[in-house]
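Student: Below is entry-v7.tsv; it holds TSV, C-alpha atoms.
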```tsv
chain	number	residue	atom	x	y	z
A	1429	MET	CA	38.59	-63.37	-18.42
A	1430	GLY	CA	35.28	-61.54	-18.73
A	1431	LEU	CA	34.45	-58.51	-20.84
A	1432	LEU	CA	34.32	-56.08	-17.90
A	1433	THR	CA	37.60	-57.34	-16.48
A	1434	ASN	CA	39.24	-57.07	-19.91
A	1435	LEU	CA	37.88	-53.56	-20.35
A	1436	ARG	CA	39.01	-52.43	-16.89
A	1437	ASP	CA	42.50	-53.89	-17.33
A	1438	SER	CA	42.92	-52.33	-20.77
A	1439	ILE	CA	41.76	-48.89	-19.62
A	1440	THR	CA	44.02	-49.09	-16.56
A	1441	ARG	CA	46.99	-50.03	-18.72
A	1442	VAL	CA	46.34	-47.25	-21.24
A	1443	THR	CA	45.81	-44.55	-18.57
A	1444	ASP	CA	48.86	-45.74	-16.64
A	1445	ARG	CA	50.94	-45.26	-19.77
A	1446	LEU	CA	49.46	-41.84	-20.55
A	1447	PHE	CA	50.16	-40.50	-17.08
A	1448	ALA	CA	53.57	-42.11	-16.92
A	1449	GLU	CA	54.95	-40.33	-19.99
A	1450	ASP	CA	57.75	-38.67	-18.03
A	1451	GLU	CA	58.76	-41.86	-16.25
A	1452	PRO	CA	61.51	-44.01	-17.79
A	1453	LYS	CA	60.08	-46.86	-19.87
A	1454	ARG	CA	60.76	-50.27	-18.40
A	1455	ILE	CA	62.24	-52.33	-21.21
A	1456	GLY	CA	62.53	-56.04	-20.51
A	1457	ILE	CA	65.31	-57.97	-22.22
A	1458	TYR	CA	63.82	-61.41	-22.84
A	1459	GLY	CA	64.88	-64.48	-24.78
A	1460	PRO	CA	66.05	-68.07	-24.37
A	1461	PRO	CA	69.06	-68.99	-22.16
A	1462	ASN	CA	72.51	-68.18	-23.59
A	1463	ALA	CA	71.22	-65.81	-26.29
A	1464	GLY	CA	73.44	-63.01	-24.95
A	1465	LYS	CA	70.88	-60.96	-23.01
A	1466	THR	CA	73.23	-59.98	-20.18
A	1467	THR	CA	76.05	-59.22	-22.61
A	1468	LEU	CA	73.69	-56.87	-24.47
A	1469	ALA	CA	72.37	-55.31	-21.24
A	1470	ASN	CA	75.96	-54.71	-20.11
A	1471	ARG	CA	76.93	-53.26	-23.49
A	1472	ILE	CA	74.00	-50.79	-23.41
A	1473	ALA	CA	74.56	-49.89	-19.75
A	1474	ARG	CA	78.33	-49.40	-20.19
A	1475	ASP	CA	77.88	-47.31	-23.34
A	1476	TRP	CA	75.45	-44.88	-21.68
A	1477	THR	CA	76.16	-45.01	-17.92
A	1478	GLY	CA	79.65	-46.50	-17.59
A	1479	ASP	CA	78.40	-49.33	-15.32
A	1480	ALA	CA	77.59	-52.97	-16.07
A	1481	VAL	CA	74.34	-54.73	-15.18
A	1482	GLY	CA	75.62	-58.17	-14.15
A	1483	PRO	CA	78.12	-60.99	-14.74
A	1484	GLU	CA	78.21	-62.87	-18.06
A	1485	SER	CA	78.91	-66.56	-18.54
A	1486	HIS	CA	78.63	-69.38	-21.08
A	1487	ILE	CA	76.88	-71.53	-18.43
A	1488	PRO	CA	73.09	-71.47	-18.91
A	1489	HIS	CA	71.08	-69.44	-16.36
A	1490	GLU	CA	73.98	-67.26	-15.22
A	1491	THR	CA	71.31	-64.58	-14.77
A	1492	ARG	CA	68.89	-66.11	-12.30
A	1493	ARG	CA	67.21	-63.01	-10.90
A	1494	ALA	CA	66.16	-60.06	-12.99
A	1495	ARG	CA	68.56	-57.14	-12.75
A	1496	ARG	CA	67.57	-53.57	-13.43
A	1497	LYS	CA	69.66	-50.65	-14.60
A	1498	GLU	CA	67.66	-47.48	-14.12
A	1499	ASN	CA	67.65	-44.19	-16.00
A	1500	VAL	CA	69.70	-45.19	-19.02
A	1501	GLU	CA	69.48	-42.18	-21.31
A	1502	ILE	CA	70.04	-43.01	-24.96
A	1503	GLU	CA	70.43	-40.25	-27.56
A	1504	ARG	CA	70.23	-40.85	-31.29
A	1505	ASN	CA	69.50	-38.55	-34.23
A	1506	GLY	CA	68.45	-35.70	-31.94
A	1507	LYS	CA	66.01	-37.97	-30.12
A	1508	SER	CA	66.48	-38.92	-26.49
A	1509	VAL	CA	64.88	-41.79	-24.61
A	1510	THR	CA	65.30	-42.72	-20.96
A	1511	ILE	CA	64.75	-46.38	-20.15
A	1512	ASP	CA	65.12	-48.77	-17.25
A	1513	ILE	CA	66.78	-51.91	-18.61
A	1514	VAL	CA	65.48	-55.11	-17.02
A	1515	ASP	CA	67.78	-58.05	-17.77
A	1516	THR	CA	65.78	-61.25	-17.21
A	1517	PRO	CA	66.71	-64.93	-16.85
A	1518	GLY	CA	66.46	-67.01	-20.03
A	1519	VAL	CA	62.91	-68.21	-20.46
A	1520	THR	CA	62.41	-71.95	-20.70
A	1521	THR	CA	59.79	-74.57	-19.80
A	1522	LYS	CA	62.30	-76.90	-18.16
A	1523	VAL	CA	65.30	-76.66	-15.83
A	1524	ASP	CA	67.25	-79.79	-14.93
A	1525	TYR	CA	70.03	-79.36	-12.40
A	1526	LYS	CA	71.93	-82.25	-14.04
A	1527	GLU	CA	72.82	-80.06	-17.03
A	1528	PHE	CA	74.87	-77.87	-14.69
A	1529	LEU	CA	76.92	-80.86	-13.54
A	1530	ASP	CA	78.51	-80.85	-17.01
A	1531	HIS	CA	80.05	-77.48	-16.12
A	1532	ASP	CA	82.20	-78.85	-13.29
A	1533	MET	CA	79.65	-77.94	-10.65
A	1534	GLU	CA	78.95	-79.89	-7.45
A	1535	LYS	CA	75.43	-81.30	-7.05
A	1536	ASP	CA	74.49	-78.91	-4.21
A	1537	ASP	CA	75.57	-75.91	-6.26
A	1538	ALA	CA	73.76	-77.24	-9.34
A	1539	VAL	CA	70.53	-77.76	-7.38
A	1540	LYS	CA	70.82	-74.30	-5.86
A	1541	ARG	CA	71.41	-72.82	-9.30
A	1542	SER	CA	68.38	-74.61	-10.77
A	1543	ARG	CA	66.14	-73.44	-7.88
A	1544	GLU	CA	67.25	-69.85	-8.38
A	1545	ALA	CA	66.76	-70.18	-12.14
A	1546	THR	CA	63.17	-71.46	-11.80
A	1547	GLU	CA	62.29	-68.64	-9.40
A	1548	GLY	CA	63.81	-66.13	-11.80
A	1549	VAL	CA	61.92	-67.44	-14.84
A	1550	ALA	CA	58.62	-67.43	-12.90
A	1551	GLU	CA	59.29	-63.85	-11.83
A	1552	ALA	CA	60.19	-62.82	-15.41
A	1553	MET	CA	56.95	-64.31	-16.74
A	1554	HIS	CA	54.93	-62.46	-14.11
A	1555	TRP	CA	56.67	-59.18	-14.96
A	1556	LEU	CA	56.02	-59.69	-18.65
A	1557	ARG	CA	52.29	-59.63	-17.91
A	1558	GLU	CA	52.41	-56.81	-15.36
A	1559	ASP	CA	55.50	-54.67	-15.31
A	1560	VAL	CA	57.23	-53.90	-18.61
A	1561	ASP	CA	56.47	-51.21	-21.21
A	1562	GLY	CA	58.39	-52.78	-24.07
A	1563	VAL	CA	60.50	-55.80	-24.92
A	1564	ILE	CA	63.87	-56.41	-26.51
A	1565	TYR	CA	63.79	-60.06	-27.56
A	1566	VAL	CA	67.32	-61.43	-27.99
A	1567	LEU	CA	68.00	-64.51	-30.09
A	1568	ASP	CA	71.23	-66.34	-30.84
A	1569	SER	CA	71.52	-66.09	-34.63
A	1570	THR	CA	73.58	-69.29	-34.79
A	1571	THR	CA	70.69	-71.44	-33.51
A	1572	ASP	CA	67.23	-72.35	-34.80
A	1573	PRO	CA	64.83	-69.58	-33.70
A	1574	PHE	CA	61.70	-71.57	-34.49
A	1575	THR	CA	61.29	-73.14	-31.05
A	1576	GLN	CA	58.05	-73.43	-29.15
A	1577	VAL	CA	59.31	-71.22	-26.31
A	1578	ASN	CA	60.23	-68.42	-28.73
A	1579	THR	CA	56.91	-68.75	-30.54
A	1580	MET	CA	54.99	-68.72	-27.26
A	1581	LEU	CA	56.92	-65.78	-25.83
A	1582	ILE	CA	56.47	-63.67	-28.96
A	1583	GLY	CA	52.74	-64.56	-28.90
A	1584	ILE	CA	52.49	-63.56	-25.23
A	1585	ILE	CA	54.28	-60.25	-25.92
A	1586	GLU	CA	51.98	-59.54	-28.89
A	1587	SER	CA	48.88	-60.32	-26.81
A	1588	GLN	CA	50.02	-57.65	-24.32
A	1589	ASP	CA	50.31	-55.08	-27.14
A	1590	LEU	CA	53.88	-54.36	-26.08
A	1591	PRO	CA	56.32	-52.84	-28.59
A	1592	VAL	CA	58.96	-55.47	-29.37
A	1593	LEU	CA	62.30	-55.38	-31.14
A	1594	ILE	CA	63.96	-58.64	-32.12
A	1595	PHE	CA	67.75	-58.62	-31.91
A	1596	ALA	CA	69.68	-61.32	-33.80
A	1597	ASN	CA	72.80	-61.57	-31.65
A	1598	LYS	CA	76.20	-63.22	-32.23
A	1599	VAL	CA	76.57	-62.11	-35.87
A	1600	ASP	CA	80.34	-62.23	-35.33
A	1601	LEU	CA	80.18	-66.05	-35.40
A	1602	ASP	CA	80.64	-67.94	-38.69
A	1603	ASP	CA	77.38	-69.91	-38.53
A	1604	SER	CA	75.23	-66.86	-37.82
A	1605	ASP	CA	72.08	-66.72	-39.96
A	1606	VAL	CA	70.05	-63.54	-39.44
A	1607	LYS	CA	67.62	-64.33	-42.29
A	1608	ARG	CA	66.49	-67.46	-40.45
A	1609	ILE	CA	65.34	-65.21	-37.58
A	1610	SER	CA	63.65	-62.60	-39.77
A	1611	ASP	CA	61.88	-65.44	-41.63
A	1612	ALA	CA	60.68	-66.96	-38.35
A	1613	PHE	CA	59.16	-63.71	-37.08
A	1614	PRO	CA	58.39	-61.66	-40.22
A	1615	GLN	CA	55.83	-59.50	-38.40
A	1616	HIS	CA	58.64	-57.83	-36.41
A	1617	GLU	CA	61.77	-55.95	-37.35
A	1618	THR	CA	64.96	-57.93	-36.81
A	1619	VAL	CA	68.16	-56.05	-35.99
A	1620	PRO	CA	71.49	-57.92	-36.36
A	1621	LEU	CA	74.23	-57.27	-33.80
A	1622	SER	CA	77.11	-58.67	-31.83
A	1623	ALA	CA	76.72	-57.56	-28.23
A	1624	LEU	CA	80.11	-59.11	-27.44
A	1625	GLU	CA	82.02	-57.29	-30.19
A	1626	GLY	CA	79.82	-54.19	-30.27
A	1627	ASP	CA	78.95	-54.68	-33.95
A	1628	ASN	CA	76.02	-52.64	-35.33
A	1629	MET	CA	75.29	-50.93	-32.00
A	1630	ASP	CA	74.53	-47.64	-33.79
A	1631	GLU	CA	71.50	-49.24	-35.44
A	1632	VAL	CA	70.57	-50.91	-32.13
A	1633	TYR	CA	70.40	-47.52	-30.40
A	1634	GLU	CA	68.54	-45.94	-33.31
A	1635	LYS	CA	65.88	-48.64	-33.12
A	1636	ILE	CA	65.61	-48.41	-29.31
A	1637	ALA	CA	65.07	-44.64	-29.57
A	1638	GLU	CA	62.57	-45.13	-32.40
A	1639	TYR	CA	60.53	-47.95	-30.78
A	1640	PHE	CA	60.59	-46.93	-27.14
A	1641	GLY	CA	60.98	-43.15	-27.30
B	1006	MET	CA	39.14	-79.82	-9.16
B	1007	PRO	CA	38.53	-81.43	-12.57
B	1008	GLU	CA	40.48	-84.52	-13.48
B	1009	ALA	CA	41.58	-85.70	-16.88
B	1010	THR	CA	40.64	-89.29	-16.22
B	1011	THR	CA	38.42	-91.33	-13.97
B	1012	PRO	CA	39.71	-93.66	-11.26
B	1013	ASP	CA	38.59	-96.78	-13.14
B	1014	ASP	CA	40.85	-96.02	-16.09
B	1015	GLY	CA	43.21	-98.61	-14.78
B	1016	ASP	CA	46.92	-98.64	-14.20
B	1017	ALA	CA	48.96	-97.75	-17.25
B	1018	GLY	CA	51.70	-100.12	-16.04
B	1019	ASP	CA	55.03	-99.21	-17.58
B	1020	GLY	CA	53.39	-97.66	-20.63
B	1021	VAL	CA	52.81	-94.00	-21.34
B	1022	ARG	CA	49.28	-92.66	-21.02
B	1023	LEU	CA	47.92	-90.08	-23.46
B	1024	ASP	CA	45.15	-87.74	-22.27
B	1025	LEU	CA	43.25	-86.24	-25.21
B	1026	ILE	CA	41.27	-83.33	-23.76
B	1027	SER	CA	38.47	-81.87	-25.85
B	1028	GLY	CA	37.89	-78.17	-26.34
B	1029	ALA	CA	34.46	-78.57	-24.74
B	1030	ARG	CA	36.02	-79.90	-21.54
B	1031	MET	CA	38.48	-77.01	-21.32
B	1032	GLU	CA	35.88	-74.39	-22.19
B	1033	GLY	CA	34.21	-74.30	-18.78
B	1034	LEU	CA	37.43	-74.15	-16.77
B	1035	THR	CA	39.23	-71.13	-15.37
B	1036	SER	CA	42.84	-70.53	-16.43
B	1037	MET	CA	44.19	-71.96	-13.19
B	1038	GLU	CA	41.93	-75.03	-13.45
B	1039	LYS	CA	43.27	-75.67	-16.95
B	1040	ILE	CA	46.86	-75.30	-15.77
B	1041	ARG	CA	46.23	-77.60	-12.79
B	1042	LEU	CA	44.60	-80.18	-15.04
B	1043	ILE	CA	47.61	-80.14	-17.38
B	1044	LEU	CA	50.34	-80.13	-14.74
B	1045	ASP	CA	48.72	-82.82	-12.57
B	1046	SER	CA	48.67	-85.16	-15.57
B	1047	VAL	CA	52.16	-84.26	-16.77
B	1048	ARG	CA	53.64	-84.66	-13.29
B	1049	ASP	CA	52.15	-88.17	-13.26
B	1050	GLY	CA	54.18	-88.87	-16.41
B	1051	ASP	CA	51.26	-88.58	-18.85
B	1052	ILE	CA	51.18	-86.79	-22.20
B	1053	VAL	CA	48.38	-84.23	-22.58
B	1054	VAL	CA	46.94	-83.30	-25.96
B	1055	LEU	CA	44.68	-80.24	-25.93
B	1056	GLU	CA	42.23	-79.95	-28.78
B	1057	ALA	CA	41.78	-76.21	-28.21
B	1058	GLY	CA	45.15	-75.04	-26.92
B	1059	LEU	CA	45.71	-72.20	-24.46
B	1060	SER	CA	45.55	-68.43	-24.76
B	1061	PRO	CA	48.88	-66.50	-24.60
B	1062	GLU	CA	48.10	-65.40	-21.03
B	1063	GLU	CA	47.41	-69.00	-20.04
B	1064	GLU	CA	50.64	-70.11	-21.71
B	1065	SER	CA	52.49	-67.45	-19.71
B	1066	LYS	CA	50.90	-68.65	-16.46
B	1067	LEU	CA	51.62	-72.28	-17.39
B	1068	ILE	CA	55.34	-71.47	-17.67
B	1069	GLU	CA	55.23	-69.52	-14.39
B	1070	VAL	CA	53.45	-72.27	-12.45
B	1071	THR	CA	55.64	-74.97	-14.02
B	1072	MET	CA	58.72	-73.15	-12.74
B	1073	THR	CA	57.36	-73.08	-9.19
B	1074	GLU	CA	56.82	-76.87	-9.26
B	1075	ILE	CA	60.19	-77.99	-10.61
B	1076	SER	CA	62.13	-79.96	-8.02
B	1077	PRO	CA	65.43	-81.90	-8.23
B	1078	ASP	CA	65.14	-85.62	-9.15
B	1079	ASP	CA	61.33	-85.33	-9.26
B	1080	PHE	CA	60.01	-82.94	-11.91
B	1081	SER	CA	62.24	-81.05	-14.34
B	1082	GLY	CA	59.53	-79.21	-16.29
B	1083	ILE	CA	57.54	-79.66	-19.48
B	1084	GLU	CA	57.97	-80.02	-23.21
B	1085	ILE	CA	55.26	-78.23	-25.16
B	1086	GLU	CA	54.53	-78.09	-28.89
B	1087	THR	CA	51.65	-76.41	-30.64
B	1088	TYR	CA	50.18	-76.88	-34.08
B	1089	PRO	CA	49.58	-74.54	-35.80
B	1090	SER	CA	51.59	-71.55	-34.61
B	1091	THR	CA	50.19	-69.53	-31.71
B	1092	HIS	CA	51.00	-66.31	-33.59
B	1093	GLN	CA	48.07	-63.92	-33.43
B	1094	PRO	CA	49.81	-60.75	-34.68
B	1095	ASN	CA	46.66	-58.92	-35.67
B	1096	GLN	CA	44.94	-58.93	-32.31
B	1097	GLY	CA	45.03	-55.29	-31.23
B	1098	LEU	CA	43.68	-53.14	-28.44
B	1099	MET	CA	40.08	-53.31	-29.74
B	1100	GLY	CA	40.22	-57.07	-29.72
B	1101	ARG	CA	41.23	-57.06	-26.07
B	1102	LEU	CA	38.69	-54.35	-25.18
B	1103	LEU	CA	35.94	-56.46	-26.70
B	1104	GLY	CA	37.18	-59.56	-24.92
B	1105	LYS	CA	38.10	-61.27	-28.17
B	1106	GLU	CA	39.47	-64.73	-27.53
B	1107	GLU	CA	42.39	-66.35	-29.27
B	1108	SER	CA	41.56	-68.71	-32.07
B	1109	PRO	CA	40.98	-72.17	-30.57
B	1110	ASN	CA	42.17	-73.82	-33.78
B	1111	LYS	CA	45.43	-75.13	-32.44
B	1112	LEU	CA	46.46	-78.47	-31.09
B	1113	THR	CA	48.84	-78.47	-28.15
B	1114	VAL	CA	50.93	-81.39	-26.92
B	1115	ILE	CA	52.42	-81.17	-23.42
B	1116	GLY	CA	54.54	-83.79	-21.67
B	1117	PRO	CA	57.18	-84.26	-18.98
B	1118	ALA	CA	60.52	-82.81	-20.10
B	1119	ASN	CA	62.39	-85.96	-19.04
B	1120	GLN	CA	60.15	-88.26	-21.11
B	1121	ILE	CA	59.19	-86.40	-24.26
B	1122	GLU	CA	61.55	-85.11	-26.89
B	1123	THR	CA	60.48	-83.29	-30.02
B	1124	LEU	CA	62.27	-84.81	-32.96
B	1125	HIS	CA	60.78	-82.77	-35.74
B	1126	LYS	CA	58.22	-80.04	-36.25
B	1127	ASP	CA	57.05	-78.32	-39.39
B	1128	GLU	CA	53.88	-76.54	-40.40
B	1129	ASP	CA	51.76	-79.67	-40.48
B	1130	LEU	CA	53.60	-82.33	-38.48
B	1131	ILE	CA	54.90	-82.75	-34.95
B	1132	SER	CA	57.05	-85.83	-34.45
B	1133	ALA	CA	57.93	-86.71	-30.87
B	1134	LEU	CA	59.79	-89.48	-29.10
B	1135	VAL	CA	58.20	-90.55	-25.81
B	1136	SER	CA	60.20	-92.68	-23.43
B	1137	ARG	CA	58.66	-95.05	-20.88
B	1138	ARG	CA	58.50	-94.07	-17.24
```
Could you write out this file's structure as structure tokens?
Tutor:
Amino acid sequence: MGLLTNLRDSITRVTDRLFAEDEPKRIGIYGPPNAGKTTLANRIARDWTGDAVGPESHIPHETRRARRKENVEIERNGKSVTIDIVDTPGVTTKVDYKEFLDHDMEKDDAVKRSREATEGVAEAMHWLREDVDGVIYVLDSTTDPFTQVNTMLIGIIESQDLPVLIFANKVDLDDSDVKRISDAFPQHETVPLSALEGDNMDEVYEKIAEYFG
Amino acid sequence: MPEATTPDDGDAGDGVRLDLISGARMEGLTSMEKIRLILDSVRDGDIVVLEAGLSPEEESKLIEVTMTEISPDDFSGIEIETYPSTHQPNQGLMGRLLGKEESPNKLTVIGPANQIETLHKDEDLISALVSRR
């Protein structure tokens, strides 16, 4: 990309943000499949609006199209922030329909699911470059965070100058290791939580208000 | 459209071909030409090694385009590993305003997801298992 194009895009982005101060911030919830993104999105949406965002499942790629919950007003420590939560499909570089067959799914359904998942990931990647004001990056604290997809995604988010909060989810499980995540991405703050159990949600909301308010 | 190899390279038979692409070759290409070059090779079952890696925006587009090309029983996506890390945490707004490019000092290995499996990666070694076509 040339200098003039870079300059124009950067100025457009900055002015868009300045003039959009009163608009809700679009906060994308990104991360690998099965990290608990939809569970977290539902927890936040239920806590502040009473409604859920979408269905949750242990099968990978349950969320295949991005879902948005608009005008979620979060209040913490006298500070209020209104955000649109965008729950995105788990980002990956590969989708094989055969992995869904292990979940008692017929081939036609598995193929359909994989097609929807690939469309959803492509859409989520496009939005990351064009349409979000901040990112909540959700990781499963029981698994190794130092994967190429995580590294690439964090690098892409940083290159967009987007504010990012890393959430280490599933701390209710015995093999959770939050330090492994904070060690993998030391340049960002890591917040431990269990979206399923609702553990540490006070700190989650404090950080959302602080980072995106 | 640029190609990674020439037609007289010969048939790789049942082996696995490795395309080592220099930074100089990638330098003159647009983002989409780079992505096409990579995906055309990977979809043929080849492993691509990029001397100069990709920028974060190009990596994002590579994932997006890869997703649009996945099809059942034909192409299930890519495995990608980069050495060293693509982290560039200090690149700020001024860097982007001035058109600052990402450091090219990274080596990227990309292959078909159904043929390449990363066995081990640390700060100075990527170990991968590549199966035959």
Student: Need to verify the contact set: Val1070 of chain B, 12 Å, only C-alpha atoms, exclusion of same-chain residues closer than 3 positions in sequence. Can you return it as a list in words?
Tutor: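 My reading of the contact set: Thr1521, Lys1522, Thr1546, Glu1547, Val1549, Ala1550, Glu1551, Ala1552, Met1553 and His1554 of chain A; Ser1036, Met1037, Glu1038, Lys1039, Ile1040, Arg1041, Ile1043, Leu1044, Asp1045, Glu1063, Glu1064, Ser1065, Lys1066, Leu1067, Thr1073, Glu1074, Ile1075, Gly1082 and Ile1083 of chain B.
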Student: What is the distance between atom CA of Val1523 of chain A and atom CA of Thr1113 of chain B, in Å to one decimal?
Tutor: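 Between atom CA of Val1523 of chain A and atom CA of Thr1113 of chain B the gap is 20.6 Å.
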Student: Atom CA of Asp1559 of chain A to atom CA of Gly1518 of chain A: how many Å, to one decimal?
Tutor: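 Result for atom CA of Asp1559 of chain A versus atom CA of Gly1518 of chain A: 17.2 Å, one decimal.
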Student: Any idea what's packed within 10 Å of Phe1528 of chain A, counting all atoms listed in the file, ignoring anything in its chain fewer than 2 positions away? Could you give it as a CSV table (one decimal) with C-alpha atoms, in the frame of the given file?
Tutor:
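File produced: around_8.csv:
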```csv
chain,number,residue,atom,x,y,z
A,1487,ILE,CA,76.9,-71.5,-18.4
A,1488,PRO,CA,73.1,-71.5,-18.9
A,1489,HIS,CA,71.1,-69.4,-16.4
A,1523,VAL,CA,65.3,-76.7,-15.8
A,1524,ASP,CA,67.2,-79.8,-14.9
A,1525,TYR,CA,70.0,-79.4,-12.4
A,1526,LYS,CA,71.9,-82.2,-14.0
A,1530,ASP,CA,78.5,-80.8,-17.0
A,1531,HIS,CA,80.0,-77.5,-16.1
A,1532,ASP,CA,82.2,-78.8,-13.3
A,1533,MET,CA,79.6,-77.9,-10.6
A,1534,GLU,CA,79.0,-79.9,-7.4
A,1535,LYS,CA,75.4,-81.3,-7.0
A,1537,ASP,CA,75.6,-75.9,-6.3
A,1538,ALA,CA,73.8,-77.2,-9.3
A,1539,VAL,CA,70.5,-77.8,-7.4
A,1541,ARG,CA,71.4,-72.8,-9.3
A,1542,SER,CA,68.4,-74.6,-10.8
```
Student: Mind pulling up the distance from atom CA of Phe1640 of chain A to atom CA of Lys1453 of chain A?
Tutor: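 Atom CA of Phe1640 of chain A lies 7.3 Å from atom CA of Lys1453 of chain A.
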Student: Report as a list in words all protein, DNA and RNA residues lying within 12 Å of Arg1495 of chain A, evaluated on all atoms listed in the file, omitting residues in the same chain fewer than 3 positions from it.
Tutor: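 The contact residues come out as Arg1454, Ile1455, Gly1456, Ile1457, Tyr1458, Lys1465, Thr1466, Ala1469, Asn1470, Ala1473, Ala1480, Val1481, Gly1482, Pro1483, Glu1490, Thr1491, Arg1492, Glu1498, Asp1512, Ile1513, Val1514, Asp1515, Thr1516, Pro1517, Gly1548, Glu1551 and Ala1552 of chain A.
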Student: For Ser1136 of chain B, list every protein, DNA or RNA residue within 12 Å, evaluated using only C-alpha atoms, and leave out those in the same chain fewer than 4 positions away; present the list as a PDB file with C-alpha atoms, in the frame of the given file.
Tutor:
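Heads up, here's the output in around.pdb:
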```
ATOM      1  CA  ASP B1019      55.030 -99.210 -17.580  1.00  0.00           C
ATOM      2  CA  GLY B1020      53.390 -97.660 -20.630  1.00  0.00           C
ATOM      3  CA  VAL B1021      52.810 -94.000 -21.340  1.00  0.00           C
ATOM      4  CA  ARG B1022      49.280 -92.660 -21.020  1.00  0.00           C
ATOM      5  CA  GLY B1050      54.180 -88.870 -16.410  1.00  0.00           C
ATOM      6  CA  ASP B1051      51.260 -88.580 -18.850  1.00  0.00           C
ATOM      7  CA  ILE B1052      51.180 -86.790 -22.200  1.00  0.00           C
ATOM      8  CA  GLY B1116      54.540 -83.790 -21.670  1.00  0.00           C
ATOM      9  CA  PRO B1117      57.180 -84.260 -18.980  1.00  0.00           C
ATOM     10  CA  ALA B1118      60.520 -82.810 -20.100  1.00  0.00           C
ATOM     11  CA  ASN B1119      62.390 -85.960 -19.040  1.00  0.00           C
ATOM     12  CA  GLN B1120      60.150 -88.260 -21.110  1.00  0.00           C
ATOM     13  CA  ILE B1121      59.190 -86.400 -24.260  1.00  0.00           C
ATOM     14  CA  GLU B1122      61.550 -85.110 -26.890  1.00  0.00           C
ATOM     15  CA  THR B1123      60.480 -83.290 -30.020  1.00  0.00           C
TER      16      THR B1123
END
```
